[in-house]
$ cat structure-v8.csv   # CSV, C-alpha atoms and all ligand atoms
chain,number,residue,atom,x,y,z
Q,23,MET,CA,68.6,-85.7,75.8
Q,24,VAL,CA,66.0,-88.3,76.4
Q,25,ARG,CA,65.9,-92.0,75.4
Q,26,PHE,CA,63.3,-94.6,76.1
Q,27,GLU,CA,64.1,-98.2,75.5
Q,28,ASN,CA,61.2,-100.8,75.7
Q,29,VAL,CA,59.6,-98.8,78.5
Q,30,GLY,CA,56.4,-100.0,80.1
Q,31,LEU,CA,54.3,-98.4,82.9
Q,32,ARG,CA,51.6,-99.9,85.1
Q,33,TYR,CA,49.8,-98.2,88.0
Q,34,GLY,CA,49.8,-100.5,91.0
Q,35,ASN,CA,48.6,-103.9,90.0
Q,36,GLY,CA,46.7,-102.6,87.1
Q,37,PRO,CA,47.3,-103.4,83.4
Q,38,GLU,CA,50.2,-101.8,81.5
Q,39,VAL,CA,49.1,-98.4,80.3
Q,40,LEU,CA,52.3,-97.8,78.4
Q,41,ARG,CA,53.9,-100.6,76.5
Q,42,ASP,CA,57.2,-101.1,74.6
Q,43,LEU,CA,58.0,-97.4,74.2
Q,44,SER,CA,61.2,-96.8,72.4
Q,45,PHE,CA,62.1,-93.3,71.1
Q,46,GLU,CA,64.6,-90.5,71.4
Q,47,LEU,CA,64.3,-86.7,71.9
Q,48,ALA,CA,67.4,-85.1,70.4
Q,49,PRO,CA,68.8,-82.1,72.2
Q,50,GLY,CA,67.2,-78.9,70.9
Q,51,SER,CA,64.3,-80.8,69.2
Q,52,PHE,CA,60.6,-79.9,69.2
Q,53,GLN,CA,58.2,-82.8,69.4
Q,54,PHE,CA,54.4,-83.1,69.5
Q,55,LEU,CA,52.8,-86.0,71.3
Q,56,THR,CA,49.3,-86.9,70.2
Q,57,GLY,CA,46.8,-89.6,70.6
Q,58,PRO,CA,43.2,-90.0,71.9
Q,59,THR,CA,42.1,-89.5,75.5
Q,60,GLY,CA,43.3,-92.4,77.6
Q,61,ALA,CA,46.1,-93.3,75.2
Q,62,GLY,CA,48.8,-92.6,77.8
Q,63,LYS,CA,50.1,-89.1,76.9
Q,64,SER,CA,50.1,-87.8,80.4
Q,65,SER,CA,51.6,-91.0,81.7
Q,66,LEU,CA,54.4,-90.8,79.2
Q,67,LEU,CA,55.1,-87.2,80.3
Q,68,LYS,CA,55.0,-88.2,84.0
Q,69,LEU,CA,57.8,-90.6,83.2
Q,70,LEU,CA,59.7,-87.8,81.5
Q,71,TYR,CA,59.4,-85.3,84.4
Q,72,LEU,CA,60.1,-88.0,87.0
Q,73,SER,CA,56.7,-88.1,88.7
Q,74,GLU,CA,56.4,-91.9,87.8
Q,75,ARG,CA,59.1,-94.5,87.4
Q,76,PRO,CA,58.8,-97.1,84.7
Q,77,SER,CA,57.7,-100.7,85.5
Q,78,ARG,CA,60.1,-102.0,83.0
Q,79,GLY,CA,62.6,-100.8,80.3
Q,80,LEU,CA,65.3,-98.1,80.4
Q,81,ILE,CA,64.9,-94.3,80.5
Q,82,THR,CA,68.0,-92.2,79.9
Q,83,LEU,CA,67.7,-88.6,80.8
Q,84,PHE,CA,70.5,-86.0,80.2
Q,85,GLY,CA,72.8,-88.9,79.5
Q,86,GLU,CA,72.1,-90.7,82.8
Q,87,PRO,CA,70.2,-94.0,83.0
Q,88,LEU,CA,67.5,-93.3,85.6
Q,89,SER,CA,67.7,-96.7,87.2
Q,90,LYS,CA,71.2,-95.8,88.3
Q,91,VAL,CA,70.4,-92.4,89.7
Q,92,PRO,CA,70.0,-92.6,93.4
Q,93,ARG,CA,66.7,-91.3,94.8
Q,94,ASP,CA,68.3,-88.4,96.6
Q,95,ARG,CA,69.8,-87.1,93.3
Q,96,LEU,CA,66.5,-87.3,91.3
Q,97,HIS,CA,65.6,-83.7,92.3
Q,98,GLU,CA,68.8,-82.4,90.5
Q,99,LEU,CA,67.5,-83.9,87.3
Q,100,ARG,CA,64.0,-82.7,88.0
Q,101,ARG,CA,65.2,-79.2,88.3
Q,102,ARG,CA,66.4,-79.2,84.7
Q,103,ILE,CA,62.8,-79.9,83.5
Q,104,GLY,CA,60.1,-77.3,83.2
Q,105,VAL,CA,56.5,-78.6,83.3
Q,106,VAL,CA,53.3,-76.9,82.1
Q,107,PHE,CA,49.9,-78.4,82.7
Q,108,GLN,CA,46.5,-78.0,81.1
Q,109,ASP,CA,45.0,-76.7,84.4
Q,110,PHE,CA,47.9,-74.3,85.1
Q,111,ARG,CA,48.4,-75.4,88.7
Q,112,LEU,CA,49.1,-71.8,90.0
Q,113,LEU,CA,49.0,-71.2,93.7
Q,114,ASP,CA,45.7,-69.2,94.1
Q,115,HIS,CA,46.7,-67.2,97.1
Q,116,MET,CA,49.9,-65.9,95.5
Q,117,SER,CA,50.2,-63.0,93.0
Q,118,ALA,CA,51.4,-63.7,89.5
Q,119,TYR,CA,54.8,-62.3,90.5
Q,120,ASP,CA,55.1,-64.7,93.5
Q,121,ASN,CA,54.0,-67.7,91.4
Q,122,VAL,CA,56.7,-67.0,88.8
Q,123,ALA,CA,59.3,-66.3,91.6
Q,124,LEU,CA,58.6,-69.5,93.5
Q,125,PRO,CA,61.1,-71.8,91.8
Q,126,LEU,CA,63.9,-69.3,92.3
Q,127,ARG,CA,62.9,-68.7,96.0
Q,128,ILE,CA,63.0,-72.5,96.5
Q,129,ALA,CA,66.4,-72.6,94.9
Q,130,GLY,CA,67.6,-70.0,97.4
Q,131,HIS,CA,68.2,-67.0,95.1
Q,132,GLY,CA,68.3,-63.4,96.4
Q,133,GLU,CA,65.3,-61.1,95.9
Q,134,LYS,CA,67.3,-58.7,93.7
Q,135,HIS,CA,68.1,-61.4,91.2
Q,136,ILE,CA,64.5,-62.7,91.5
Q,137,LYS,CA,63.0,-59.3,90.7
Q,138,GLU,CA,65.1,-58.9,87.6
Q,139,ALA,CA,64.4,-62.4,86.4
Q,140,VAL,CA,60.6,-62.3,87.1
Q,141,THR,CA,60.2,-58.8,85.5
Q,142,GLU,CA,62.0,-59.9,82.4
Q,143,LEU,CA,59.9,-63.0,82.0
Q,144,MET,CA,56.6,-61.2,82.7
Q,145,GLU,CA,57.6,-58.8,79.9
Q,146,TRP,CA,58.4,-61.8,77.6
Q,147,VAL,CA,55.0,-63.3,78.1
Q,148,GLY,CA,53.4,-59.8,77.7
Q,149,LEU,CA,51.9,-59.5,81.2
Q,150,SER,CA,54.1,-56.8,82.8
Q,151,ASP,CA,50.9,-55.1,84.0
Q,152,LYS,CA,49.6,-58.2,85.8
Q,153,MET,CA,52.5,-58.8,88.2
Q,154,GLY,CA,50.4,-58.1,91.3
Q,155,ALA,CA,47.3,-59.9,90.0
Q,156,LEU,CA,45.9,-63.0,91.8
Q,157,PRO,CA,45.3,-65.9,89.4
Q,158,ALA,CA,41.5,-65.7,90.0
Q,159,THR,CA,41.4,-62.3,88.2
Q,160,LEU,CA,43.2,-63.6,85.1
Q,161,SER,CA,41.8,-65.3,82.0
Q,162,GLY,CA,42.8,-69.0,81.2
Q,163,GLY,CA,45.3,-67.8,78.6
Q,164,GLN,CA,46.9,-65.3,81.0
Q,165,LYS,CA,47.1,-68.0,83.7
Q,166,GLN,CA,48.9,-70.3,81.2
Q,167,LEU,CA,51.4,-67.5,80.3
Q,168,ILE,CA,52.2,-67.1,84.0
Q,169,ALA,CA,52.6,-70.9,84.3
Q,170,ILE,CA,55.0,-70.9,81.3
Q,171,ALA,CA,57.0,-68.1,82.9
Q,172,ARG,CA,57.2,-70.1,86.1
Q,173,ALA,CA,58.3,-73.2,84.2
Q,174,VAL,CA,61.1,-71.5,82.4
Q,175,ILE,CA,62.5,-69.2,85.1
Q,176,THR,CA,65.1,-71.7,86.1
Q,177,SER,CA,66.2,-72.0,82.4
Q,178,PRO,CA,65.4,-75.7,82.1
Q,179,SER,CA,67.0,-77.7,79.2
Q,180,LEU,CA,63.7,-79.7,78.7
Q,181,ILE,CA,60.2,-78.3,78.7
Q,182,VAL,CA,57.3,-80.7,79.0
Q,183,ALA,CA,53.8,-79.4,78.3
Q,184,ASP,CA,50.6,-81.5,78.9
Q,185,GLU,CA,47.8,-80.2,76.7
Q,186,PRO,CA,48.8,-76.6,77.4
Q,187,THR,CA,46.2,-75.1,75.2
Q,188,GLY,CA,43.4,-77.5,76.2
Q,189,ASN,CA,41.4,-74.8,78.1
Q,190,ILE,CA,42.4,-71.8,76.0
Q,191,ASP,CA,40.9,-69.9,73.1
Q,192,ARG,CA,42.4,-70.0,69.6
Q,193,ASP,CA,44.3,-66.7,69.5
Q,194,MET,CA,45.9,-67.3,72.9
Q,195,SER,CA,46.7,-70.9,71.9
Q,196,MET,CA,48.8,-69.6,69.0
Q,197,LYS,CA,50.6,-67.1,71.3
Q,198,ILE,CA,51.4,-69.9,73.8
Q,199,MET,CA,52.7,-72.1,71.0
Q,200,ARG,CA,54.9,-69.3,69.7
Q,201,LEU,CA,56.5,-69.0,73.2
Q,202,PHE,CA,57.3,-72.7,73.1
Q,203,ILE,CA,58.8,-72.3,69.6
Q,204,GLU,CA,60.8,-69.3,70.7
Q,205,LEU,CA,62.2,-71.3,73.7
Q,206,ASN,CA,63.0,-74.1,71.3
Q,207,LYS,CA,64.9,-71.7,69.0
Q,208,GLN,CA,67.0,-70.6,72.0
Q,209,GLY,CA,68.0,-74.3,72.4
Q,210,THR,CA,65.5,-75.7,74.8
Q,211,THR,CA,64.2,-79.2,74.0
Q,212,VAL,CA,60.4,-79.1,73.9
Q,213,ILE,CA,57.7,-81.8,74.0
Q,214,VAL,CA,54.0,-80.8,73.8
Q,215,ALA,CA,51.1,-83.3,74.3
Q,216,THR,CA,48.1,-82.1,72.4
Q,217,HIS,CA,45.3,-83.2,70.2
Q,218,ASP,CA,44.7,-79.8,68.8
Q,219,TRP,CA,45.0,-80.7,65.2
Q,220,PRO,CA,44.7,-77.2,63.7
Q,221,LEU,CA,47.6,-76.1,65.9
Q,222,ILE,CA,49.7,-79.2,64.9
Q,223,ASP,CA,48.9,-78.5,61.3
Q,224,LYS,CA,50.0,-74.9,61.5
Q,225,ILE,CA,53.2,-75.5,63.4
Q,226,LYS,CA,54.4,-78.5,61.5
Q,227,ARG,CA,56.8,-80.3,63.8
Q,228,PRO,CA,57.6,-84.0,64.3
Q,229,MET,CA,55.0,-85.9,66.1
Q,230,LEU,CA,54.9,-89.0,68.3
Q,231,GLU,CA,51.5,-90.7,68.3
Q,232,LEU,CA,50.2,-93.0,71.0
Q,233,PHE,CA,47.4,-95.5,70.7
Q,234,GLU,CA,46.3,-97.6,73.7
Q,235,GLY,CA,49.7,-97.2,75.3
Q,236,LYS,CA,51.8,-98.0,72.3
Q,237,LEU,CA,53.6,-95.6,69.9
Q,238,ALA,CA,52.4,-95.8,66.3
Q,239,GLU,CA,55.0,-96.9,63.8
Q,240,ALA,CA,57.5,-94.2,62.6
Q,241,SER,CA,55.1,-91.4,63.5
Q,242,TRP,CA,56.7,-88.4,61.8
Q,243,TRP,CA,54.4,-85.7,60.7
Q,244,LEU,CA,57.4,-84.4,59.0
Q,245,LYS,CA,60.9,-85.8,58.5
Q,246,PRO,CA,63.4,-84.6,61.1
Q,247,GLY,CA,64.6,-81.1,60.2
Q,248,GLU,CA,61.7,-80.3,57.8
Q,249,GLY,CA,59.4,-77.4,58.3
Q,250,LEU,CA,61.5,-75.8,61.0
Q,251,ASP,CA,61.6,-72.4,59.4
Q,252,GLU,CA,57.9,-72.1,58.8
Q,253,PRO,CA,56.5,-68.8,59.9
Q,254,VAL,CA,54.1,-69.3,62.7
D,1,LIG,N1,47.2,-92.5,88.6
D,1,LIG,C1,46.6,-93.4,87.9
D,1,LIG,N2,46.2,-94.6,88.4
D,1,LIG,C2,45.7,-95.6,87.7
D,1,LIG,N3,45.5,-95.5,86.3
D,1,LIG,C3,45.8,-94.3,85.7
D,1,LIG,C4,46.4,-93.2,86.5
D,1,LIG,N4,46.7,-92.2,85.6
D,1,LIG,C5,46.2,-92.6,84.4
D,1,LIG,N5,45.7,-93.9,84.5
D,1,LIG,C6,45.2,-94.7,83.3
D,1,LIG,O1,46.2,-94.8,82.4
D,1,LIG,C7,45.7,-94.7,81.1
D,1,LIG,C8,46.3,-93.6,80.3
D,1,LIG,O2,45.9,-92.3,80.9
D,1,LIG,P1,46.6,-90.9,80.6
D,1,LIG,O3,48.1,-91.1,80.6
D,1,LIG,O4,46.0,-89.9,81.4
D,1,LIG,O5,46.2,-90.7,79.0
D,1,LIG,P2,46.0,-89.4,78.2
D,1,LIG,O6,46.8,-88.3,78.8
D,1,LIG,O7,46.4,-89.7,76.8
D,1,LIG,O8,44.5,-89.1,78.2
D,1,LIG,C9,44.2,-94.5,81.2
D,1,LIG,O9,43.6,-95.8,81.1
D,1,LIG,C10,44.0,-94.0,82.6
D,1,LIG,O10,42.8,-94.4,83.2
D,2,MG,MG,46.3,-86.4,79.5

$ encode --input "structure-v8.csv" --output "structure tokens"
Amino acid sequence: MVRFENVGLRYGNGPEVLRDLSFELAPGSFQFLTGPTGAGKSSLLKLLYLSERPSRGLITLFGEPLSKVPRDRLHELRRRIGVVFQDFRLLDHMSAYDNVALPLRIAGHGEKHIKEAVTELMEWVGLSDKMGALPATLSGGQKQLIAIARAVITSPSLIVADEPTGNIDRDMSMKIMRLFIELNKQGTTVIVATHDWPLIDKIKRPMLELFEGKLAEASWWLKPGEGLDEPV
């Protein structure tokens, strides 16, 4: 699904903020990404969702070496990735419904299909009664549920979440993680950056750990395949 080989990233002429990253995300895997603030988690995820290009090394995404993908085809790959941010990034002037519908509207789908898809996803995240609500009237957790619905409405094969529970209370954080786990059980590859240790401890999935831009040696919280049937 994703392979990094000796990948490095620098911003402009600055120092390398990511160095010698080599790892793989298997199709259908669930991976945590941890490390202290400034370690490079968001930068690594930006490489994954194609918002930055590596300064060196090779990234292979969905079987395609990124260096060989022409610029005008990058959006095709980008469309197969759902992204969730710590600060939600909802459009404040649009209702929850319209925020979730947006990716389908951009892709040119008809309103009938959009209504079915949005209604189903709003039910899935448990916010059927908030379809007409503006983001400002929702709690942080509810905003994040809307952001997750928006991220998955195009059925991406990879979900990238950058500290998705960073601004959210404990009960809601578990609910959000359960949604990621459910998506993963349906076959979506998931990577979640977080330093929420109680959550990582509860969910027990493999973990990549960054320190000062480098991956820690063989950073498995569990061996691959272990702990996957834990109730959460
Ligand atoms: N757009 C940017 N321009 C320059 N430096 C950046 C930029 N984004 C992040 N950095 C630097 O890259 C390093 C890693 O940051 P980041 O990836 O945000 O880490 P984390 O998400 O683990 O907190 C930090 O030193 C940060 O200052
Ligand atoms: Mg970050």

$ residues_around --input "structure-v8.csv" --residues "Val212 of chain Q" --least-positions-apart "6" --cutoff "10 Å" --atoms "only C-alpha atoms" --output "MDAnalysis selection string"
chainID Q and resid 47:54 103:104 179:183 202:203 205:206

$ residues_near_ligand --input "structure-v8.csv" --ligand "ligand MG 2 (chain D)" --cutoff "9 Å" --atoms "only C-alpha atoms and all ligand atoms" --output "JSON, numbers by chain"
{"Q": [58, 59, 60, 61, 62, 63, 64, 65, 67, 108, 184, 185, 215, 216]}

$ atom_distance --input "structure-v8.csv" --atom1 "atom CA of Pro178 of chain Q" --atom2 "atom N2 of ligand LIG 1 (chain D)"
27.7 Å

$ residues_around --input "structure-v8.csv" --residues "Ile170 of chain Q" --least-positions-apart "4" --cutoff "12 Å" --atoms "all atoms listed in the file" --output "PyMOL selection string"
chain Q and resi 104-112+118+121-122+140+143-144+146-149+163-166+174-178+181-184+186-187+197-202+205

$ atom_distance --input "structure-v8.csv" --atom1 "atom CA of Pro76 of chain Q" --atom2 "atom CA of Ala173 of chain Q"
23.9 Å

$ atom_distance --input "structure-v8.csv" --atom1 "atom CA of Arg227 of chain Q" --atom2 "atom CA of Ile190 of chain Q"
20.7 Å
